[in-house]
Every structure is written in structure tokens, then in C-alpha cells.
2 protein chains.
Amino acid sequence: MSEPVTVIGASGALGFGLALRLGLAGVPVAVGSRDAERAAETVRRLREGAPEGSFDGDANGPAAERSEVVVLSVPFRSQSETLTNLRQHLREGQLVIDATVPLAAAVSGKATRMLGVWQGSAAQQAAEMVPEGVRVVSALHTVSAATLGDPGHALDEDVLVCGDRKADKARAAALIQRIPGLRCVDCGRLEMARLTESLTALLIGVNVRYKTHAGIRVTGLPEVSWEAR
Amino acid sequence: MSEPVTVIGASGALGFGLALRLGLAGVPVAVGSRDAERAAETVRRLREGAPEGSFDGDANGPAAERSEVVVLSVPFRSQSETLTNLRQHLREGQLVIDATVPLAAAVSGKATRMLGVWQGSAAQQAAEMVPEGVRVVSALHTVSAATLGDPGHALDEDVLVCGDRKADKARAAALIQRIPGLRCVDCGRLEMARLTESLTALLIGVNVRYKTHAGIRVTGLPEVSWEAR
């Protein structure tokens with residue numbers, strides 16, 4: 001049996017798709033939402049999409065306590081508030097996988113433009129805000145929520161992972177690569193998240209122009225798994 | 001017979017590889033370098049690599065006058081100076097394909113970090129500096145110089161193209177796609193170059209970690225050529 005993972009913001013499109021795919025892959029998922037009722041509703045929808053999956057729902061705080069790995073998948077507008085509320089629930093040794101993207105849409109701007117974040121990126125803001133001893137990696141910005149949420153759509157793309165410790169990135173990759181068709185690529189230190197986060201804005205524009213749900217593949221990589229490196 | 005293209009900075013690794021591949025694809029290439037002698041030396045090297053290619057060399061200014069399409073492939077450190085010197089040589093109707101990347105390496109920083117450019121990106125700086133009526137698109141940041149320069153290496157990756165006019169991007173794509181294995185993807189307006197340029201920094205880090213020459217592929221795109229859209 002796999003270790004459980006918590007998805008904060010699983011009522012949102014990306015969080016939902018991720019929870020669904022993880023559930024289908026046999027990972028027990030604790031679903032976090034702003035309130036427990038919304039979480040329960042999301043769990044109902046997840047069970048419809050993946051009857052064989054293991055899903056439980058709760059408000060963000062208690063949900064975050066249930067797993068060693070916590071995916072943060074909230075709009076940038078809510079990231080800071082969510083992390084403030086999570087402070088008393090997160091504990092040393094936990095790993096936060098931050099998928100937040102500071103799109104200008106957060107302040108009624110365009111979804112193809114980025115906001116400048118004082119710390120450099122949403123992931124670095126997260127790293128500043130989590131309690132001491134909680135690790136942060138950045139990932140999952142280029143995977144389309146629509147594609148994730150449609151299990152009939154076979155995935156075949158990369159997930160760009162940034163973080164300051166290799167062990168943290170390997171831990172995140174081991175989880176994410178449970179989802180068939182996703183390959184994790186080590187994109188360096190957490191500060192590189194300012195580059196990987198911005199790919200979301202780029203892909204949103206590509207999606208509009210090409211009427212698709214695009215992703216990213218890094219070419220020229222050796223065909224070895226993350227673990228084998 | 002193809003129309004010729006000028007490559008400014010063809011003595012550098014990216015410019016050389018690009019000139020070589022274009023020459024092999026049957027495009028006559030005017031090679032620009034800071035001085036004519038260096039250009040002539042580069043032409044000698046290009047003829048060695050592609051004896052069937054058509055190459056001519058000159059100092060940047062005269063070289064830029066020879067073609068309707070001018071690729072600017074210089075280090076960011078030299079971009080502004082080069083464009084100032086080109087002002088009297090560029091003319092209305094020409095298209096500049098800017099491949100400049102504002103890596104922090106330009107000011108003795110890391111090649112995995114970016115500089116902030118006042119105009120937003122190197123391409124936008126170029127657009128500000130060219131004479132009235134000269135168009136600028138941004139492209140070619142994610143194609144490895146080493147891979148381009150080794151014709152034995154089959155290419156299979158995308159070129160991300162940004163620009164404010166579709167016709168300009170189509171013109172650039174028609175040229176770039178002469179090189180087998182390169183597919184151009186419309187990444188939106190020129191301002192999006194701040195995102196595509198930064199991918200160079202990301203890939204430089206990936207190359208070090210994976211000991212490779214990585215590129216980018218956008219997944220999920222319809223299999224239609226640029227022209228068919």
C-alpha cells in the first residue's frame with residue numbers, strides 16, 4: 001500500500017486532476033479544500049471518476065496533517081493565505097510540492113502574463129512561509145489540468161521539478177511518476193521555479209492559439225529514470 | 001534558389017551551427033562578424049562542414065545589407081552595441097530574428113540565471129533599437145549550439161517563436177523549418193520572449209545535470225505545419 005498524499009486545493013481543476021490520477025495509480029489521497037463540505041463534495045466527484053481509488057476529504061489544515069507529502073495546488077491569489085493557515089498544521093519533515101503559478105490573472109491581468117513575486121517565485125514564497133523543517137519543491141506547472149482530469153487522455157510529457165535538495169526532488173518525482181506518462185526532470189534549485197512557473201503563461205497562450213492542451217517535453221535526455229541517476 | 005539569410009554573430013557557437021544547418025538545407029548564408037577577416041575565417045570553417053553550401057562573409061554591417069532576413073545571434077553583452085552599429089545598415093521591410101539571451105553570464109554571473117532587461121526581454125530591446133520599419137521576432141533560444149553544429153546529430157525539437165505580427169513569425173518559421181527536425185511553435189507576442197529566452201538558462205542547468213544537449217518540445221500540438229494554420 002502506498003503512502004498517502006494530501007492535495008490542497010483539490011476542488012480546483014489542477015488539484016482535482018492530480019488527485020484523480022494519483023487515486024487511479026493506487027495512491028491514497030487526502031483531499032483538502034477551504035471547508036470540509038467542499039472537500040467532501042470533491043471526494044464524491046473523485047470516487048465517480050476513480051471508483052477503485054482511495055479518497056478522503058477534510059478542510060485544508062486537517063488534510064495537510066494526514067500525509068508526509070502535501071501538494072499545494074491553489075490559485076496564486078490564495079497561496080499566501082493558505083500557507084498562513086497551514087502553518088499550525090504542517091510539521092518538520094513534511095514535503096510540500098508547490099504547483100502555484102503567479103499569473104497576472106490573480107490581479108485581474110492576463111493569464112499569459114506573470115506577476116513578479118518578491119521572493120522570486122511562488123515556490124520561493126512558499127519556502128519562506130512554511131514552518132522550519134518543512135521542505136518545498138516546485139513542480140507540475142506545465143501539466144494541463146484538463147488533460148489530467150480526463151483519464152481517457154494518455155499522458156506523455158515531462159514535469160519540471162525544482163528544489164534545493166536532491167532527496168526532496170527524488171521524493172516528489174517518485175510520487176509524480178506514479179502517474180503513467182509523466183516523467184520528472186530535475187531543473188535545478190528552487191530559485192529556477194521562476195522559470196518553470198512562467199511556462200504556464202506560455203502554454204496558456206499556446207493552448208488558445210492551437211486549441212489544445214499543450215505540455216512540455218525536454219528533448220535529448222538519457223532514458224533513465226529519476227531513481228537511476 | 002532560396003533567398004539568402006544573414007547570420008550576425010556566425011563566429012559564435014549558435015550562429016555557426018545555424019549558418020551550417022541553413023547552408024546544408026540549401027539556403028545561401030551571408031556570415032556577419034565583428035570584422036571581415038573573422039567572417040572570412042568562419043566562412044572557411046562553414047565550407048569545410050558543408051562543402052555544398054553557399055556562404056559569404058563580411059563585417060556585420062555590410063552582411064546585414066545582403067538579406068531580407070537577418071538572424072541576430074550575439075552574446076547579450078554585445079547585443080546593444082551590435083544593434084547600434086547595425087542601425088545605418090538595416091532598412092525598412094527587413095526582418096530581424098533575435099536569438100539573444102540575457103544570461104547573467106553577461107555580467108560574470110551564472111549561465112543558469114537571467115538578467116532583468118528594462119524593455120522586458122532581449123528581443124524587446126532589439127525591437128526598440130532597430131530602425132523604423134524593421135520587424136523583430138524572437139526565436140532559437142532552446143536549440144543547442146553544439147547540436148546544431150554537429151550535422152551528424154539528427155534534430156527533433158521545437159523552436160519557440162514570439163512576435164507581434166503573424167506574417168513575421170510565419171516568415172521566420174518558413175526559414176527555420178528549412179532545417180530538418182526543427183518545428184516552429186507560435187508562442188505569442190514579442191513580450192513573451194521574456195519567457196522563451198529564460199528557457200536557455202533552464203536548459204543550461206539541465207545540460208550540466210544530465211550531461212546532454214537538451215531541447216524543448218511542446219506536446220499536444222496538432223500535427224500541422226506553420227503554413228497550414
# chains A, B, ... in the order shown; residues from 1 in each chain; ligands from 1

$ residues_around --residues "Gly15 in chain B" --least-positions-apart "3" --cutoff "12 Å" --atoms "only C-alpha atoms" --output "PyMOL selection string"
chain B and resi 5-12+18-23+29-33+39+42-43+46+70-75+97-100+140-141+143-146+148-149

$ interface_residues --of "chain B" --to "chain A" --cutoff "6 Å" --atoms "only C-alpha atoms" --output "list in words"
Cys187, Val206, Ala214, Gly215, Ile216, Arg217, Val218, Thr219 and Gly220 of chain B

$ write_last_selection --atoms "N, CA and C atoms" --output "PDB file, in the first residue's frame"
ATOM      1  N   CYS B 187       4.486  31.241 -30.124  1.00  0.00           N
ATOM      2  CA  CYS B 187       4.380  31.451 -28.674  1.00  0.00           C
ATOM      3  C   CYS B 187       3.854  32.834 -28.326  1.00  0.00           C
ATOM      4  N   VAL B 206      19.959  21.969 -17.027  1.00  0.00           N
ATOM      5  CA  VAL B 206      19.605  20.581 -17.355  1.00  0.00           C
ATOM      6  C   VAL B 206      20.781  19.890 -18.049  1.00  0.00           C
ATOM      7  N   ALA B 214      20.086  19.382 -24.228  1.00  0.00           N
ATOM      8  CA  ALA B 214      18.632  19.249 -24.226  1.00  0.00           C
ATOM      9  C   ALA B 214      17.979  20.296 -25.112  1.00  0.00           C
ATOM     10  N   GLY B 215      16.759  20.015 -25.504  1.00  0.00           N
ATOM     11  CA  GLY B 215      15.929  20.959 -26.243  1.00  0.00           C
ATOM     12  C   GLY B 215      14.531  20.924 -25.672  1.00  0.00           C
ATOM     13  N   ILE B 216      13.616  21.612 -26.350  1.00  0.00           N
ATOM     14  CA  ILE B 216      12.236  21.681 -25.869  1.00  0.00           C
ATOM     15  C   ILE B 216      11.294  21.169 -26.953  1.00  0.00           C
ATOM     16  N   ARG B 217      10.299  20.425 -26.522  1.00  0.00           N
ATOM     17  CA  ARG B 217       9.228  20.002 -27.411  1.00  0.00           C
ATOM     18  C   ARG B 217       7.920  20.382 -26.719  1.00  0.00           C
ATOM     19  N   VAL B 218       7.041  21.050 -27.444  1.00  0.00           N
ATOM     20  CA  VAL B 218       5.711  21.319 -26.908  1.00  0.00           C
ATOM     21  C   VAL B 218       4.819  20.146 -27.291  1.00  0.00           C
ATOM     22  N   THR B 219       4.246  19.495 -26.288  1.00  0.00           N
ATOM     23  CA  THR B 219       3.415  18.319 -26.572  1.00  0.00           C
ATOM     24  C   THR B 219       1.966  18.745 -26.814  1.00  0.00           C
ATOM     25  N   GLY B 220       1.218  17.867 -27.459  1.00  0.00           N
ATOM     26  CA  GLY B 220      -0.217  18.084 -27.616  1.00  0.00           C
ATOM     27  C   GLY B 220      -0.596  19.006 -28.758  1.00  0.00           C
TER      28      GLY B 220
END

$ select_by_dssp --residues "range 43-222 of chain B" --states "alpha helix (DSSP H)" --output "ChimeraX atom specification"
/B:43-49,60-65,76-86,122-129,145-148,166-176,193-210

$ decode --residues "range 14-47 of chain A" --atoms "N, CA, C and O atoms" --output "compact mmCIF listing (two decimals), in the first residue's frame"
# COMPACT_ATOMS: atom_id res chain seq x y z
N LEU A 14 -6.66 21.79 -11.47
CA LEU A 14 -5.39 21.07 -11.45
C LEU A 14 -5.33 20.09 -10.28
O LEU A 14 -4.95 18.93 -10.44
N GLY A 15 -5.73 20.56 -9.11
CA GLY A 15 -5.72 19.70 -7.93
C GLY A 15 -6.62 18.49 -8.12
O GLY A 15 -6.26 17.37 -7.75
N PHE A 16 -7.78 18.72 -8.72
CA PHE A 16 -8.72 17.62 -8.95
C PHE A 16 -8.11 16.58 -9.89
O PHE A 16 -8.12 15.38 -9.62
N GLY A 17 -7.56 17.06 -11.00
CA GLY A 17 -6.98 16.14 -11.97
C GLY A 17 -5.83 15.35 -11.37
O GLY A 17 -5.68 14.15 -11.62
N LEU A 18 -5.04 16.03 -10.56
CA LEU A 18 -3.91 15.36 -9.93
C LEU A 18 -4.38 14.31 -8.93
O LEU A 18 -3.87 13.18 -8.91
N ALA A 19 -5.37 14.69 -8.10
CA ALA A 19 -5.91 13.73 -7.13
C ALA A 19 -6.50 12.52 -7.85
O ALA A 19 -6.30 11.37 -7.44
N LEU A 20 -7.20 12.79 -8.95
CA LEU A 20 -7.81 11.70 -9.73
C LEU A 20 -6.75 10.74 -10.26
O LEU A 20 -6.85 9.52 -10.11
N ARG A 21 -5.72 11.31 -10.87
CA ARG A 21 -4.68 10.45 -11.46
C ARG A 21 -3.91 9.69 -10.39
O ARG A 21 -3.54 8.52 -10.59
N LEU A 22 -3.65 10.35 -9.27
CA LEU A 22 -2.94 9.66 -8.19
C LEU A 22 -3.81 8.54 -7.63
O LEU A 22 -3.32 7.44 -7.36
N GLY A 23 -5.09 8.82 -7.48
CA GLY A 23 -6.01 7.79 -6.99
C GLY A 23 -6.05 6.59 -7.92
O GLY A 23 -5.98 5.44 -7.49
N LEU A 24 -6.11 6.87 -9.22
CA LEU A 24 -6.12 5.79 -10.22
C LEU A 24 -4.83 4.98 -10.16
O LEU A 24 -4.81 3.79 -10.48
N ALA A 25 -3.74 5.64 -9.76
CA ALA A 25 -2.44 4.97 -9.70
C ALA A 25 -2.26 4.22 -8.38
O ALA A 25 -1.18 3.67 -8.12
N GLY A 26 -3.29 4.24 -7.54
CA GLY A 26 -3.21 3.47 -6.31
C GLY A 26 -2.65 4.23 -5.12
O GLY A 26 -2.33 3.64 -4.10
N VAL A 27 -2.54 5.54 -5.24
CA VAL A 27 -2.05 6.35 -4.13
C VAL A 27 -3.26 6.86 -3.33
O VAL A 27 -4.14 7.51 -3.92
N PRO A 28 -3.32 6.58 -2.04
CA PRO A 28 -4.43 7.13 -1.24
C PRO A 28 -4.29 8.65 -1.17
O PRO A 28 -3.21 9.17 -0.90
N VAL A 29 -5.39 9.37 -1.42
CA VAL A 29 -5.33 10.82 -1.49
C VAL A 29 -6.21 11.44 -0.40
O VAL A 29 -7.39 11.12 -0.29
N ALA A 30 -5.61 12.33 0.38
CA ALA A 30 -6.38 13.16 1.31
C ALA A 30 -6.65 14.49 0.62
O ALA A 30 -5.72 15.19 0.23
N VAL A 31 -7.90 14.78 0.43
CA VAL A 31 -8.32 15.95 -0.32
C VAL A 31 -8.53 17.12 0.64
O VAL A 31 -9.29 17.00 1.60
N GLY A 32 -7.84 18.23 0.37
CA GLY A 32 -8.05 19.42 1.20
C GLY A 32 -8.78 20.49 0.42
O GLY A 32 -8.50 20.72 -0.76
N SER A 33 -9.74 21.12 1.09
CA SER A 33 -10.44 22.25 0.50
C SER A 33 -10.62 23.30 1.58
O SER A 33 -10.35 23.04 2.76
N ARG A 34 -11.08 24.49 1.16
CA ARG A 34 -11.20 25.55 2.16
C ARG A 34 -12.13 25.12 3.30
O ARG A 34 -11.88 25.39 4.44
N ASP A 35 -13.23 24.43 2.95
CA ASP A 35 -14.06 23.88 4.03
C ASP A 35 -14.32 22.40 3.80
O ASP A 35 -14.21 21.90 2.67
N ALA A 36 -14.65 21.73 4.88
CA ALA A 36 -14.77 20.26 4.84
C ALA A 36 -15.89 19.83 3.90
O ALA A 36 -15.80 18.78 3.25
N GLU A 37 -16.94 20.64 3.80
CA GLU A 37 -18.06 20.27 2.96
C GLU A 37 -17.66 20.24 1.49
O GLU A 37 -18.01 19.32 0.74
N ARG A 38 -16.91 21.25 1.08
CA ARG A 38 -16.44 21.31 -0.30
C ARG A 38 -15.49 20.13 -0.57
O ARG A 38 -15.52 19.54 -1.66
N ALA A 39 -14.69 19.79 0.43
CA ALA A 39 -13.79 18.65 0.29
C ALA A 39 -14.59 17.36 0.08
O ALA A 39 -14.25 16.53 -0.77
N ALA A 40 -15.66 17.23 0.85
CA ALA A 40 -16.49 16.01 0.75
C ALA A 40 -17.12 15.92 -0.65
O ALA A 40 -17.18 14.84 -1.25
N GLU A 41 -17.56 17.06 -1.15
CA GLU A 41 -18.15 17.09 -2.50
C GLU A 41 -17.10 16.69 -3.54
O GLU A 41 -17.38 15.94 -4.49
N THR A 42 -15.87 17.18 -3.37
CA THR A 42 -14.80 16.82 -4.30
C THR A 42 -14.49 15.32 -4.22
O THR A 42 -14.26 14.68 -5.25
N VAL A 43 -14.51 14.79 -3.00
CA VAL A 43 -14.28 13.35 -2.85
C VAL A 43 -15.35 12.55 -3.58
O VAL A 43 -15.05 11.55 -4.25
N ARG A 44 -16.59 13.02 -3.52
CA ARG A 44 -17.67 12.34 -4.26
C ARG A 44 -17.36 12.32 -5.75
O ARG A 44 -17.49 11.29 -6.41
N ARG A 45 -16.94 13.47 -6.27
CA ARG A 45 -16.62 13.54 -7.70
C ARG A 45 -15.43 12.63 -8.04
O ARG A 45 -15.39 11.98 -9.10
N LEU A 46 -14.44 12.61 -7.16
CA LEU A 46 -13.26 11.77 -7.41
C LEU A 46 -13.64 10.29 -7.42
O LEU A 46 -13.14 9.52 -8.25
N ARG A 47 -14.52 9.90 -6.51
CA ARG A 47 -14.92 8.49 -6.45
C ARG A 47 -15.71 8.09 -7.69
O ARG A 47 -15.64 6.94 -8.14
